[in-house]
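Trainee: Just dropping this structure here.
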Amino acid sequence: MRNRFIRQNALPVLAALIWGTAFVAQSVCTPYVPPFAFNAIRSLIAAAVLLPIAKMFDRAAVRRGEQPEASNRMHLWLGGVLCGVFLAAAANLQQAAMADTTAGKAGFITALYMVLVPVLGVFLKKRSSLKTWVSVAVAVAGLWMLCFRAGADLRLQTADAYLLLCAFFFAVQIHCIDYFGADVDGIRLSCVQFLTTGVVSAVLSAVFETFAWSGLLRCVWPILYCALFSSCIAYTLQILALKDADDPTIPSLLFSLESVFSVLAGAAILHDRLSGREYLGCALMLGAVVLAQLPMMRKEKNKLQSPKNGDIIP
């Protein structure tokens with residue numbers, strides 16, 4: 001029970017940390033590599049790395065005398081393909097928008113998937129508690145203060161519309177993982193997801209894009225960082241965190257901390273100075289996450305302390 005609680009909290013925060021720092025790498029590649037090509041390369045690299053890792057875990061389980069984790073084959077392939085299609089839509093819309101909008105707007109609008117996850121959950125009969133909705137509202141207020149400075153241009157541009165669609169597809173992808181991930185191996189599901197995203201993006205790139213290989217060579221290290229850390233590690237952590245989550249809204253709140261980490265990384269690495277408004281935004285985001293966890297923390301604590309059959313209750 002304790003491992004489950006840690007998995008649903010520590011893994012999303014680690015994924016958010018990786019995504020927040022990867023935002024810089026994505027921005028660096030924008031002038032040199034078009035969106036479809038960028039996501040095709042990073043996704044196919046991630047799939048190629050994850051496949052031998054899955055086989056390595058299977059061999060390790062056999063050496064320990066255990067059975068490798070079984071997967072519902074239909075859910076593995078159907079879920080992996082659907083998740084990959086939704087991820088391809090979200091990632092390519094996000095990468096296309098980043099060239100024409102501010103980082104603050106991009107971070108704020110993309111993170112709105114944490115609002116869309118419980119909204120979509122209503123239609124999927126996954127209702128969230130009142131405290132969860134309040135947490136989402138507090139987090140949105142925190143994101144607003146974090147991402148928008150006083151006097152910022154709030155007009156909706158084409159790039160911002162792309163980001164709204166991006167947030168929607170990320171929310172759908174989260175629900176898709178929540179539905180199909182319960183009875184499949186998380187690493188293999190991630191592998192199929194990225195194989196699908198890579199193939200879809202490669203086809204779209206071949207049809208709609210042209211790019212110079214010299215530009216690609218200038219972005220080798222940022223692309224590798226996005227492929228190995230943002231895709232391979234963080235999205236696999238996302239699948240593992242959602243595997244047995246009671247409410248996908250809770251992990252989505254933790255995932256949205258990527259905006260906080262991106263701002264804090266800029267302050268730590270690039271020496272950007274944060275205003276009091278931005279510090280307040282970070283505090284509200286963190287407060288929203290803690291508020292959302294309180295019922296779960298109490299529930300898990302009660303389960304851990306509840307006596308087993310045959311125990312003597314003092």
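Here, A, B, ... name the chains of the structure tokens in the order displayed, residue numbers run from 1 inside each chain, and ligands are numbered from 1 in the same displayed order.
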Determine, counting only C-alpha atoms, which protein, DNA and RNA residues have an atom within 9 Å of an atom of Ser135 (chain A); residues of the same chain fewer than 6 positions away are not included. Present the result as number ranges by chain.
Mentor: A: 253, 285, 287-292
Trainee: Could you write out that same residue set with C-alpha atoms as a PDB file, in the first residue's frame?
Mentor:
```pdb
ATOM      1  CA  LEU A 253      -2.178  17.919 -10.876  1.00  0.00           C
ATOM      2  CA  MET A 285       0.528  25.380  -7.202  1.00  0.00           C
ATOM      3  CA  GLY A 287      -0.624  24.209  -2.052  1.00  0.00           C
ATOM      4  CA  ALA A 288      -3.110  22.849  -4.581  1.00  0.00           C
ATOM      5  CA  VAL A 289      -1.129  19.619  -4.880  1.00  0.00           C
ATOM      6  CA  VAL A 290      -0.980  19.189  -1.098  1.00  0.00           C
ATOM      7  CA  LEU A 291      -4.699  19.927  -0.768  1.00  0.00           C
ATOM      8  CA  ALA A 292      -5.544  17.340  -3.419  1.00  0.00           C
TER       9      ALA A 292
END
```
Trainee: So how far away is CA of Gly121 (chain A) from CA of His175 (chain A), in Å?
Mentor: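 Value for the CA of His175 (chain A)-CA of Gly121 (chain A) distance: 7.8 Å.
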Trainee: Report, in Å to a single decimal, how far apart CA of Cys232 (chain A) and CA of Ala46 (chain A) are.
Mentor: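 If I compute the distance from CA of Ala46 (chain A) to CA of Cys232 (chain A), I get 4.9 Å.
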Trainee: Please identify all polymer residues within 12 Å of His75 (chain A), counting only C-alpha atoms, omitting same-chain residues fewer than 5 positions from it, and present them as a list in words.
Mentor: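 In the requested format, the answer is Ala70, Gly80, Val81, Leu82, Cys83, Cys176, Ile177, Asp178, Tyr179, Phe180, Gly181, Ala182, Asp183, Val184, Asp185, Gly186, Arg188, Leu189, Val192 and Gln193 of chain A.
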Trainee: Quick one: distance from CA of Cys29 (chain A) to CA of Gly215 (chain A) in Å, one decimal?
Mentor: 8.5 Å
Trainee: Which residue is closest to Ala206 (chain A)? Choose from A:Val85, A:Ala268, A:Ala40, A:Val24 and count only C-alpha atoms.
Mentor: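 For Ala206 (chain A), the nearest of the given residues is A:Ala40.
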Trainee: For each of A:Ala61, A:Val199, A:Leu165, A:Ala234, take the minimum atom-to-atom distance to Glu258 (chain A), counting only C-alpha atoms, then give the residue where this is smallest.
Mentor: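 The shortest atom-to-atom distance to Glu258 (chain A) comes from A:Ala234.
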Trainee: Would you return as a ChimeraX atom specification the members of region 96-286 of chain A that DSSP assigns to helix (DSSP H, G or I) on this structure's backbone?
Mentor: /A:96-97,103-110,113-123,130-147,158-183,186-208,213-218,220-242,249-255,258-269,276-286
Trainee: With distances taken over only C-alpha atoms, which of A:Leu124, A:Val49, A:Leu112, A:Leu14 is nearest to Leu228 (chain A)?
Mentor: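 Of all the options, A:Val49 lies closest to Leu228 (chain A).
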